[in-house]
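Dropping target_18.cif in here (mmCIF, C-alpha atoms):
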data_entry
#
loop_
_atom_site.group_PDB
_atom_site.id
_atom_site.type_symbol
_atom_site.label_atom_id
_atom_site.label_comp_id
_atom_site.auth_asym_id
_atom_site.auth_seq_id
_atom_site.Cartn_x
_atom_site.Cartn_y
_atom_site.Cartn_z
ATOM 1 C CA MET A 1 0.000 0.000 0.000
ATOM 2 C CA PRO A 2 1.813 3.169 -1.138
ATOM 3 C CA VAL A 3 2.125 5.714 1.689
ATOM 4 C CA GLU A 4 4.378 8.703 1.207
ATOM 5 C CA VAL A 5 5.480 10.682 4.257
ATOM 6 C CA ALA A 6 7.219 14.033 3.907
ATOM 7 C CA ASN A 7 8.454 16.067 6.852
ATOM 8 C CA GLU A 8 8.612 19.772 6.085
ATOM 9 C CA SER A 9 8.474 20.816 9.734
ATOM 10 C CA GLU A 10 11.360 21.854 11.949
ATOM 11 C CA ILE A 11 10.824 18.839 14.233
ATOM 12 C CA ALA A 12 12.200 15.383 13.424
ATOM 13 C CA VAL A 13 9.523 12.691 13.166
ATOM 14 C CA ASP A 14 9.656 8.944 12.681
ATOM 15 C CA GLU A 15 8.523 8.857 9.057
ATOM 16 C CA ALA A 16 8.771 5.049 8.857
ATOM 17 C CA GLU A 17 6.459 4.667 11.856
ATOM 18 C CA LEU A 18 3.914 7.094 10.397
ATOM 19 C CA ALA A 19 3.911 5.203 7.092
ATOM 20 C CA GLY A 20 3.655 1.903 8.939
ATOM 21 C CA VAL A 21 0.691 2.921 11.065
ATOM 22 C CA CYS A 22 -1.080 4.257 7.956
ATOM 23 C CA ARG A 23 -0.543 0.955 6.124
ATOM 24 C CA PHE A 24 -1.778 -0.936 9.188
ATOM 25 C CA VAL A 25 -4.938 1.192 9.506
ATOM 26 C CA LEU A 26 -5.715 0.961 5.780
ATOM 27 C CA GLY A 27 -5.199 -2.802 5.889
ATOM 28 C CA GLU A 28 -7.424 -3.219 8.938
ATOM 29 C CA MET A 29 -10.085 -1.093 7.235
ATOM 30 C CA GLN A 30 -9.847 -3.345 4.156
ATOM 31 C CA VAL A 31 -8.877 -0.542 1.802
ATOM 32 C CA ASN A 32 -7.638 -1.708 -1.594
ATOM 33 C CA PRO A 33 -3.846 -2.246 -1.414
ATOM 34 C CA LEU A 34 -3.424 -0.121 -4.546
ATOM 35 C CA ALA A 35 -4.818 2.960 -2.778
ATOM 36 C CA GLU A 36 -2.299 5.736 -2.198
ATOM 37 C CA LEU A 37 -1.976 8.066 0.757
ATOM 38 C CA SER A 38 0.185 11.073 1.477
ATOM 39 C CA VAL A 39 1.187 12.318 4.936
ATOM 40 C CA LEU A 40 2.743 15.746 5.256
ATOM 41 C CA CYS A 41 4.249 17.193 8.434
ATOM 42 C CA VAL A 42 4.285 20.988 8.413
ATOM 43 C CA ASP A 43 5.282 23.896 10.626
ATOM 44 C CA VAL A 44 2.911 26.017 12.710
ATOM 45 C CA GLU A 45 2.723 28.857 10.180
ATOM 46 C CA TYR A 46 1.719 26.613 7.275
ATOM 47 C CA MET A 47 -0.770 24.634 9.378
ATOM 48 C CA SER A 48 -2.319 27.906 10.558
ATOM 49 C CA SER A 49 -2.806 29.017 6.949
ATOM 50 C CA LEU A 50 -4.429 25.687 6.009
ATOM 51 C CA HIS A 51 -6.628 25.754 9.104
ATOM 52 C CA GLU A 52 -7.871 29.246 8.355
ATOM 53 C CA ARG A 53 -8.352 28.637 4.631
ATOM 54 C CA TRP A 54 -10.174 25.300 4.850
ATOM 55 C CA MET A 55 -11.814 25.369 8.279
ATOM 56 C CA GLY A 56 -12.242 29.116 8.797
ATOM 57 C CA GLU A 57 -10.449 28.966 12.153
ATOM 58 C CA LYS A 58 -7.411 30.966 13.222
ATOM 59 C CA GLY A 59 -4.242 29.372 14.549
ATOM 60 C CA PRO A 60 -2.725 25.952 13.989
ATOM 61 C CA THR A 61 -4.473 22.650 14.516
ATOM 62 C CA ASP A 62 -2.999 19.199 15.047
ATOM 63 C CA VAL A 63 -4.299 17.329 11.974
ATOM 64 C CA LEU A 64 -6.222 18.041 8.790
ATOM 65 C CA ALA A 65 -7.450 15.508 6.245
ATOM 66 C CA PHE A 66 -7.998 16.277 2.572
ATOM 67 C CA PRO A 67 -9.837 13.451 0.744
ATOM 68 C CA MET A 68 -9.186 13.059 -2.994
ATOM 69 C CA ASP A 69 -10.837 10.197 -4.917
ATOM 70 C CA GLU A 70 -14.172 8.568 -4.263
ATOM 71 C CA LEU A 71 -13.960 5.965 -1.517
ATOM 72 C CA ASP A 72 -15.679 3.258 -3.561
ATOM 73 C CA THR A 73 -12.671 3.022 -5.896
ATOM 74 C CA ALA A 74 -10.541 1.997 -2.924
ATOM 75 C CA ARG A 75 -12.831 -0.658 -1.443
ATOM 76 C CA PRO A 76 -11.796 -4.289 -2.023
ATOM 77 C CA ASP A 77 -15.371 -5.342 -2.912
ATOM 78 C CA ASP A 78 -15.432 -3.033 -5.964
ATOM 79 C CA PRO A 79 -15.811 -5.296 -9.052
ATOM 80 C CA GLU A 80 -12.898 -3.553 -10.780
ATOM 81 C CA PRO A 81 -10.882 -1.855 -8.061
ATOM 82 C CA GLY A 82 -8.057 0.259 -9.306
ATOM 83 C CA PRO A 83 -5.531 2.593 -7.814
ATOM 84 C CA ALA A 84 -7.071 5.442 -5.903
ATOM 85 C CA LEU A 85 -5.551 8.473 -4.262
ATOM 86 C CA LEU A 86 -7.250 8.557 -0.873
ATOM 87 C CA GLY A 87 -5.901 11.981 -0.047
ATOM 88 C CA ASP A 88 -3.566 13.829 2.245
ATOM 89 C CA VAL A 89 -3.199 13.832 6.009
ATOM 90 C CA VAL A 90 -1.430 16.967 7.228
ATOM 91 C CA LEU A 91 0.138 16.910 10.696
ATOM 92 C CA CYS A 92 1.710 19.674 12.770
ATOM 93 C CA PRO A 93 4.410 18.148 15.004
ATOM 94 C CA ALA A 94 4.772 21.386 17.012
ATOM 95 C CA VAL A 95 1.124 21.139 18.063
ATOM 96 C CA ALA A 96 1.578 17.402 18.677
ATOM 97 C CA VAL A 97 4.461 18.164 21.083
ATOM 98 C CA ARG A 98 2.218 20.455 23.182
ATOM 99 C CA GLN A 99 -0.654 17.979 23.169
ATOM 100 C CA ALA A 100 1.635 15.076 24.067
ATOM 101 C CA ARG A 101 2.987 16.972 27.078
ATOM 102 C CA ALA A 102 -0.561 17.747 28.245
ATOM 103 C CA ALA A 103 -1.608 14.090 27.773
ATOM 104 C CA GLY A 104 1.514 12.714 29.454
ATOM 105 C CA HIS A 105 2.847 10.697 26.533
ATOM 106 C CA THR A 106 5.455 11.090 23.781
ATOM 107 C CA MET A 107 5.217 13.113 20.611
ATOM 108 C CA ASP A 108 5.522 9.860 18.644
ATOM 109 C CA ASP A 109 2.464 8.477 20.484
ATOM 110 C CA GLU A 110 0.556 11.661 19.714
ATOM 111 C CA LEU A 111 1.508 11.511 16.025
ATOM 112 C CA VAL A 112 0.319 7.878 15.822
ATOM 113 C CA LEU A 113 -3.014 8.988 17.270
ATOM 114 C CA LEU A 114 -3.268 11.987 14.937
ATOM 115 C CA VAL A 115 -2.354 10.117 11.746
ATOM 116 C CA THR A 116 -4.858 7.367 12.619
ATOM 117 C CA HIS A 117 -7.474 10.060 13.191
ATOM 118 C CA GLY A 118 -6.649 11.687 9.851
ATOM 119 C CA VAL A 119 -6.845 8.410 7.930
ATOM 120 C CA LEU A 120 -10.260 7.681 9.458
ATOM 121 C CA HIS A 121 -11.440 11.093 8.268
ATOM 122 C CA LEU A 122 -10.245 10.218 4.743
ATOM 123 C CA LEU A 123 -12.299 7.029 4.977
ATOM 124 C CA GLY A 124 -15.449 9.009 5.761
ATOM 125 C CA TYR A 125 -15.541 8.939 9.558
ATOM 126 C CA ASP A 126 -16.443 12.076 11.473
ATOM 127 C CA HIS A 127 -17.130 13.178 15.034
ATOM 128 C CA MET A 128 -19.551 16.074 14.710
ATOM 129 C CA GLU A 129 -22.422 14.191 16.367
ATOM 130 C CA PRO A 130 -22.137 12.250 19.648
ATOM 131 C CA ASP A 131 -22.864 8.867 18.034
ATOM 132 C CA GLU A 132 -20.332 9.558 15.248
ATOM 133 C CA GLU A 133 -17.750 10.616 17.833
ATOM 134 C CA LYS A 134 -18.290 7.445 19.872
ATOM 135 C CA GLU A 135 -17.914 5.262 16.764
ATOM 136 C CA MET A 136 -14.870 7.069 15.364
ATOM 137 C CA PHE A 137 -12.971 7.407 18.627
ATOM 138 C CA GLY A 138 -13.721 3.791 19.586
ATOM 139 C CA LEU A 139 -12.428 2.574 16.231
ATOM 140 C CA GLN A 140 -9.421 4.879 16.501
ATOM 141 C CA GLN A 141 -8.512 3.427 19.903
ATOM 142 C CA LYS A 142 -8.970 -0.147 18.661
ATOM 143 C CA LEU A 143 -6.716 0.511 15.645
ATOM 144 C CA ILE A 144 -4.003 2.141 17.763
ATOM 145 C CA GLU A 145 -4.058 -0.775 20.219
ATOM 146 C CA GLY A 146 -3.829 -3.181 17.261
ATOM 147 C CA TRP A 147 -0.880 -1.244 15.826
ATOM 148 C CA ARG A 148 0.944 -1.292 19.156
ATOM 149 C CA SER A 149 0.496 -5.053 19.564
ATOM 150 C CA ALA A 150 1.210 -5.991 15.925
ATOM 151 C CA PRO A 151 4.578 -7.656 15.280
ATOM 152 C CA ARG A 152 6.851 -5.576 13.074
ATOM 153 C CA GLU A 153 9.832 -6.448 10.948
ATOM 154 C CA PRO A 154 13.011 -4.613 11.928
ATOM 155 C CA VAL A 155 13.888 -1.815 9.526
ATOM 156 C CA THR A 156 17.429 -2.127 8.193
ATOM 157 C CA GLY A 157 19.453 0.793 6.973
ATOM 158 C CA ALA A 158 17.217 3.304 8.757
ATOM 159 C CA PRO A 159 18.713 5.759 11.204
ATOM 160 C CA ALA A 160 18.178 4.837 14.837
ATOM 161 C CA GLY A 161 15.660 6.777 16.984
ATOM 162 C CA GLY A 162 17.369 10.121 16.771
ATOM 163 C CA ASP A 163 16.236 13.363 18.317
ATOM 164 C CA ALA A 164 12.531 13.900 17.813
ATOM 165 C CA GLY A 165 12.664 17.400 19.202
ATOM 166 C CA PRO A 166 11.249 18.616 22.491
ATOM 167 C CA ARG A 167 8.785 16.359 24.275
#

I'd like the structure from this file rewritten - as structure tokens, please.
Amino acid sequence: MPVEVANESEIAVDEAELAGVCRFVLGEMQVNPLAELSVLCVDVEYMSSLHERWMGEKGPTDVLAFPMDELDTARPDDPEPGPALLGDVVLCPAVAVRQARAAGHTMDDELVLLVTHGVLHLLGYDHMEPDEEKEMFGLQQKLIEGWRSAPREPVTGAPAGGDAGPR
């Protein structure tokens, strides 16, 4: 499942982990393996501009999701499924750092939560109504727990942990 992660923020992120969690979520949600996804990490200024332009709200947010193709082209039960561009998930690591501190966990944990949240939005989930929120957040938690307990192959040739910025 093609997942491209680009970090254009000033904070180092674990791009391999973000791609891995996206592939896991898409697999668990039975999205066609030919579907493509893009994850972009941006700085506060750029996220603020996106947030104001697309949501009409000032200041940065943690995650935005921009769907592209129709979801039915990415479902495995489509009679002739083909490649589909699901869309873009945009993350702001600087906001994730603040939220992680407040929640008492790491920035990496917060980014896993946020990217899972963004992918679910691309797949049509929302949390505007209480019943939608309960469904989406329950599924989000289940997927994150599944990701954490899933066995993973060691990545060779990748830089070790490194500095992920302030936590």

To verify the selection step, state as a compact mmCIF listing (two decimals) with C-alpha atoms, in the frame of the given file which residues the PyMOL selection byres ((chain A and resi 62-69) around 9) yields on this input.
# COMPACT_ATOMS: atom_id res chain seq x y z
CA MET A 47 -0.77 24.63 9.38
CA LEU A 50 -4.43 25.69 6.01
CA HIS A 51 -6.63 25.75 9.10
CA PRO A 60 -2.72 25.95 13.99
CA THR A 61 -4.47 22.65 14.52
CA GLU A 70 -14.17 8.57 -4.26
CA LEU A 71 -13.96 5.96 -1.52
CA ASP A 72 -15.68 3.26 -3.56
CA THR A 73 -12.67 3.02 -5.90
CA ALA A 74 -10.54 2.00 -2.92
CA ALA A 84 -7.07 5.44 -5.90
CA LEU A 85 -5.55 8.47 -4.26
CA LEU A 86 -7.25 8.56 -0.87
CA GLY A 87 -5.90 11.98 -0.05
CA ASP A 88 -3.57 13.83 2.24
CA VAL A 89 -3.20 13.83 6.01
CA VAL A 90 -1.43 16.97 7.23
CA LEU A 91 0.14 16.91 10.70
CA CYS A 92 1.71 19.67 12.77
CA PRO A 93 4.41 18.15 15.00
CA ALA A 94 4.77 21.39 17.01
CA VAL A 95 1.12 21.14 18.06
CA ALA A 96 1.58 17.40 18.68
CA GLN A 99 -0.65 17.98 23.17
CA LEU A 111 1.51 11.51 16.02
CA LEU A 114 -3.27 11.99 14.94
CA VAL A 115 -2.35 10.12 11.75
CA HIS A 117 -7.47 10.06 13.19
CA GLY A 118 -6.65 11.69 9.85
CA VAL A 119 -6.84 8.41 7.93
CA LEU A 120 -10.26 7.68 9.46
CA HIS A 121 -11.44 11.09 8.27
CA LEU A 122 -10.24 10.22 4.74
CA LEU A 123 -12.30 7.03 4.98
CA GLY A 124 -15.45 9.01 5.76

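The shortest atom-to-atom distance to A:Gln140, with all atoms listed in the file taken into account, belongs to A:Leu113 out of A:Met29, A:His127, A:Leu113, A:Ala6.
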
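Here the question is which of A:Glu8, A:Glu129, A:Gly20, A:Asp14 gets nearest to A:Tyr46 using all atoms listed in the file, and that residue is A:Glu8.
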
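Between atom CA of A:Leu37 and atom CA of A:Val25 the interatomic distance comes to 11.5 Å.
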
Can you measure atom CA of A:Val44 to atom CA of A:Trp147 for me? One decimal in Å is fine.
27.7 Å

So which residues get picked by the PyMOL selection byres ((chain A and resi 23) around 10) here, written as a PyMOL selection string?
chain A and resi 1-3+17-22+24-29+31+33+36-37+119+147
